$ cat model-v3.pdb   # PDB, C-alpha atoms and all ligand atoms
ATOM      1  CA  MET B  59     145.177  68.646 176.704  1.00  0.00           C
ATOM      2  CA  SER B  60     144.661  69.737 173.407  1.00  0.00           C
ATOM      3  CA  ASP B  61     141.589  69.331 171.533  1.00  0.00           C
ATOM      4  CA  SER B  62     142.206  67.771 168.338  1.00  0.00           C
ATOM      5  CA  GLU B  63     141.485  70.007 165.510  1.00  0.00           C
ATOM      6  CA  PRO B  64     138.184  69.406 164.028  1.00  0.00           C
ATOM      7  CA  PRO B  65     138.692  67.409 160.984  1.00  0.00           C
ATOM      8  CA  ARG B  66     138.751  69.543 158.029  1.00  0.00           C
ATOM      9  CA  ARG B  67     136.129  68.696 155.679  1.00  0.00           C
ATOM     10  CA  LYS B  68     137.252  68.421 152.258  1.00  0.00           C
ATOM     11  CA  ILE B  69     135.140  70.648 150.314  1.00  0.00           C
ATOM     12  CA  LEU B  70     134.358  69.065 147.126  1.00  0.00           C
ATOM     13  CA  SER B  71     133.948  71.724 144.651  1.00  0.00           C
ATOM     14  CA  LEU B  72     131.243  70.453 142.533  1.00  0.00           C
ATOM     15  CA  LYS B  73     131.278  72.001 139.214  1.00  0.00           C
ATOM     16  CA  SER B  74     127.719  71.574 138.576  1.00  0.00           C
ATOM     17  CA  GLY B  75     126.436  71.541 135.123  1.00  0.00           C
ATOM     18  CA  VAL B  76     129.606  71.184 133.242  1.00  0.00           C
ATOM     19  CA  ALA B  77     130.063  67.577 133.967  1.00  0.00           C
ATOM     20  CA  ALA B  78     126.459  66.769 133.646  1.00  0.00           C
ATOM     21  CA  PRO B  79     125.828  63.648 131.719  1.00  0.00           C
ATOM     22  CA  GLY B  80     125.270  64.440 128.158  1.00  0.00           C
ATOM     23  CA  GLY B  81     127.128  67.671 128.392  1.00  0.00           C
ATOM     24  CA  PRO B  82     125.647  71.095 128.300  1.00  0.00           C
ATOM     25  CA  LYS B  83     122.635  71.499 126.270  1.00  0.00           C
ATOM     26  CA  PRO B  84     123.297  73.043 122.955  1.00  0.00           C
ATOM     27  CA  LEU B  85     121.925  76.447 123.506  1.00  0.00           C
ATOM     28  CA  GLU B  86     121.945  77.176 119.864  1.00  0.00           C
ATOM     29  CA  ARG B  87     118.983  75.037 119.369  1.00  0.00           C
ATOM     30  CA  ILE B  88     117.038  76.837 121.967  1.00  0.00           C
ATOM     31  CA  ALA B  89     118.043  80.303 120.996  1.00  0.00           C
ATOM     32  CA  ARG B  90     117.215  79.810 117.416  1.00  0.00           C
ATOM     33  CA  PRO B  91     113.528  79.446 117.036  1.00  0.00           C
ATOM     34  CA  ALA B  92     112.052  77.609 114.213  1.00  0.00           C
ATOM     35  CA  GLN B  93     112.464  79.583 111.093  1.00  0.00           C
ATOM     36  CA  ARG B  94     110.516  82.675 111.519  1.00  0.00           C
ATOM     37  CA  ILE B  95     107.671  82.701 109.178  1.00  0.00           C
ATOM     38  CA  ARG B  96     107.501  86.027 107.583  1.00  0.00           C
ATOM     39  CA  THR B  97     103.977  87.094 107.481  1.00  0.00           C
ATOM     40  CA  PHE B  98     103.499  88.068 103.956  1.00  0.00           C
ATOM     41  CA  THR B  99     101.564  91.234 103.860  1.00  0.00           C
ATOM     42  CA  PRO B 100     100.415  91.901 100.369  1.00  0.00           C
ATOM     43  CA  GLU B 101     101.126  95.379  99.313  1.00  0.00           C
ATOM     44  CA  PRO B 102      98.047  97.447  98.971  1.00  0.00           C
ATOM     45  CA  PRO B 103      97.294  98.230  95.409  1.00  0.00           C
ATOM     46  CA  PRO B 104      98.560 101.619  94.420  1.00  0.00           C
ATOM     47  CA  PRO B 105      95.943 104.278  94.493  1.00  0.00           C
ATOM     48  CA  PRO B 106      94.445 104.743  91.117  1.00  0.00           C
ATOM     49  CA  ALA B 107      96.371 107.414  89.356  1.00  0.00           C
ATOM     50  CA  PRO B 108      94.255 110.419  88.732  1.00  0.00           C
ATOM     51  CA  PRO B 109      93.336 110.480  85.121  1.00  0.00           C
ATOM     52  CA  ALA B 110      95.587 112.772  83.208  1.00  0.00           C
ATOM     53  CA  THR B 111      93.511 115.728  82.514  1.00  0.00           C
ATOM     54  CA  GLY B 112      94.171 118.799  80.591  1.00  0.00           C
ATOM     55  CA  ASP B 113      93.954 119.577  76.973  1.00  0.00           C
ATOM     56  CA  PHE B 114      97.495 120.806  76.820  1.00  0.00           C
ATOM     57  CA  LYS B 115     100.813 119.274  77.506  1.00  0.00           C
ATOM     58  CA  CYS B 116     103.792 121.265  78.620  1.00  0.00           C
ATOM     59  CA  LYS B 117     106.547 120.720  76.104  1.00  0.00           C
ATOM     60  CA  PRO B 118     109.424 121.234  78.545  1.00  0.00           C
ATOM     61  CA  CYS B 119     108.194 118.790  81.165  1.00  0.00           C
ATOM     62  CA  GLY B 120     105.290 116.935  79.669  1.00  0.00           C
ATOM     63  CA  THR B 121     102.748 117.810  82.304  1.00  0.00           C
ATOM     64  CA  ARG B 122      99.190 117.943  81.175  1.00  0.00           C
ATOM     65  CA  PHE B 123      97.270 120.934  82.238  1.00  0.00           C
ATOM     66  CA  ASP B 124      94.406 123.145  81.432  1.00  0.00           C
ATOM     67  CA  PRO B 125      95.056 126.783  80.797  1.00  0.00           C
ATOM     68  CA  PRO B 126      93.871 128.791  83.752  1.00  0.00           C
ATOM     69  CA  THR B 127      90.531 130.345  83.306  1.00  0.00           C
ATOM     70  CA  ASP B 128      91.053 133.226  85.667  1.00  0.00           C
ATOM     71  CA  LEU B 129      93.679 135.009  83.641  1.00  0.00           C
ATOM     72  CA  ALA B 130      93.347 137.781  81.188  1.00  0.00           C
ATOM     73  CA  ASP B 131      93.889 137.077  77.555  1.00  0.00           C
ATOM     74  CA  ASP B 132      97.214 138.847  77.505  1.00  0.00           C
ATOM     75  CA  ASP B 133      98.525 137.021  80.517  1.00  0.00           C
ATOM     76  CA  SER B 134     101.054 134.317  80.175  1.00  0.00           C
ATOM     77  CA  VAL B 135     100.198 130.761  80.879  1.00  0.00           C
ATOM     78  CA  ARG B 136     102.723 129.008  83.008  1.00  0.00           C
ATOM     79  CA  CYS B 137     103.144 125.344  83.413  1.00  0.00           C
ATOM     80  CA  PRO B 138     101.715 124.332  86.783  1.00  0.00           C
ATOM     81  CA  SER B 139     104.574 121.900  87.183  1.00  0.00           C
ATOM     82  CA  CYS B 140     107.736 123.491  85.858  1.00  0.00           C
ATOM     83  CA  ASN B 141     106.506 127.059  85.732  1.00  0.00           C
ATOM     84  CA  ALA B 142     107.730 127.533  82.230  1.00  0.00           C
ATOM     85  CA  ARG B 143     106.079 130.232  80.251  1.00  0.00           C
ATOM     86  CA  LEU B 144     104.112 128.431  77.656  1.00  0.00           C
ATOM     87  CA  GLY B 145     102.412 131.211  75.856  1.00  0.00           C
ATOM     88  CA  LEU B 146      99.647 133.716  76.059  1.00  0.00           C
ATOM     89  CA  VAL B 147      96.276 132.890  77.418  1.00  0.00           C
ATOM     90  CA  SER B 148      94.705 134.208  74.269  1.00  0.00           C
ATOM     91  CA  ASP B 149      96.664 131.753  72.224  1.00  0.00           C
ATOM     92  CA  PHE B 150      95.512 128.959  74.441  1.00  0.00           C
ATOM     93  CA  ARG B 151      91.952 130.082  74.226  1.00  0.00           C
ATOM     94  CA  ALA B 152      91.965 130.490  70.516  1.00  0.00           C
ATOM     95  CA  ASP B 153      89.950 127.975  68.643  1.00  0.00           C
ATOM     96  CA  PRO B 154      91.887 126.155  67.520  1.00  0.00           C
ATOM     97  CA  PRO B 155      94.723 127.103  69.864  1.00  0.00           C
ATOM     98  CA  ASN B 156      97.698 128.850  68.360  1.00  0.00           C
ATOM     99  CA  VAL B 157      99.971 125.972  69.076  1.00  0.00           C
ATOM    100  CA  GLU B 158     102.626 127.465  66.852  1.00  0.00           C
ATOM    101  CA  LYS B 159     103.038 130.189  69.411  1.00  0.00           C
ATOM    102  CA  LEU B 160     102.793 127.935  72.405  1.00  0.00           C
ATOM    103  CA  ARG B 161     105.308 125.802  74.136  1.00  0.00           C
ATOM    104  CA  ALA B 162     102.593 123.348  74.775  1.00  0.00           C
ATOM    105  CA  ARG B 163     100.907 120.693  72.751  1.00  0.00           C
ATOM    106  CA  TYR B 164      97.248 120.630  72.215  1.00  0.00           C
ATOM    107  CA  LEU B 165      96.024 117.160  72.962  1.00  0.00           C
ATOM    108  CA  LYS B 166      92.367 117.385  72.323  1.00  0.00           C
ATOM    109  CA  LYS B 167      91.519 115.947  69.045  1.00  0.00           C
ATOM    110  CA  PRO B 168      88.978 117.951  67.192  1.00  0.00           C
ATOM    111  CA  GLY B 169      85.663 116.324  67.040  1.00  0.00           C
TER     112      GLY B 169
HETATM  113 ZN    ZN B 201     106.138 122.061  82.493  1.00  0.00          ZN
END

$ encode --input "model-v3.pdb" --output "C-alpha cells"
Amino acid sequence: MSDSEPPRRKILSLKSGVAAPGGPKPLERIARPAQRIRTFTPEPPPPPAPPATGDFKCKPCGTRFDPPTDLADDDSVRCPSCNARLGLVSDFRADPPNVEKLRARYLKKPG
C-alpha cells in the first residue's frame, strides 16, 4: 500500500512583465521630463557705480582721490588705493596744485 505520490505541480515560472504585450515600457520617456524650462531670472542691474570723486588721480594706478584733509602740510599724500607716495600735502593744497611735484594729476578744471 503505497500512497501514490502527490502529483507534482509543474510550477510555471511566469516571468511577469518581460513578456507583457507591447514589451516593457520605454522608461526613457518617463524618466526624461519635458524639457525643463529654465526660469529666466533677469540679472539685477548692477548697482550704480559711485561717482568718481576726487580732484586728483593717482598716476601709478589711476585712482581718483582727494588729498586727506587731516594731514599736516609737510606730510606725504599716499594713494588710498596703491599707497604710492604722491607728493606733499602742501603741494596738493597749493592753488593751483604743484602738479609738477606730484605723482598725481589734477583733474579739476579751473573755473
Ligand atoms: Zn594709486

$ residues_near_ligand --input "model-v3.pdb" --ligand "ligand ZN 201 (chain B)" --cutoff "8 Å" --atoms "only C-alpha atoms and all ligand atoms" --output "MDAnalysis selection string"
chainID B and resid 115:121 136:142

$ residues_near_point --input "model-v3.pdb" --point "(95.2, 122.6, 82.0)" --cutoff "7 Å" --atoms "all atoms listed in the file" --output "ChimeraX atom specification"
/B:112-114,122-126

$ atom_distance --input "model-v3.pdb" --atom1 "CA of Ala162 (chain B)" --atom2 "CA of Gly145 (chain B)"
7.9 Å

$ atom_distance --input "model-v3.pdb" --atom1 "CA of Lys166 (chain B)" --atom2 "CA of Pro106 (chain B)"
22.7 Å
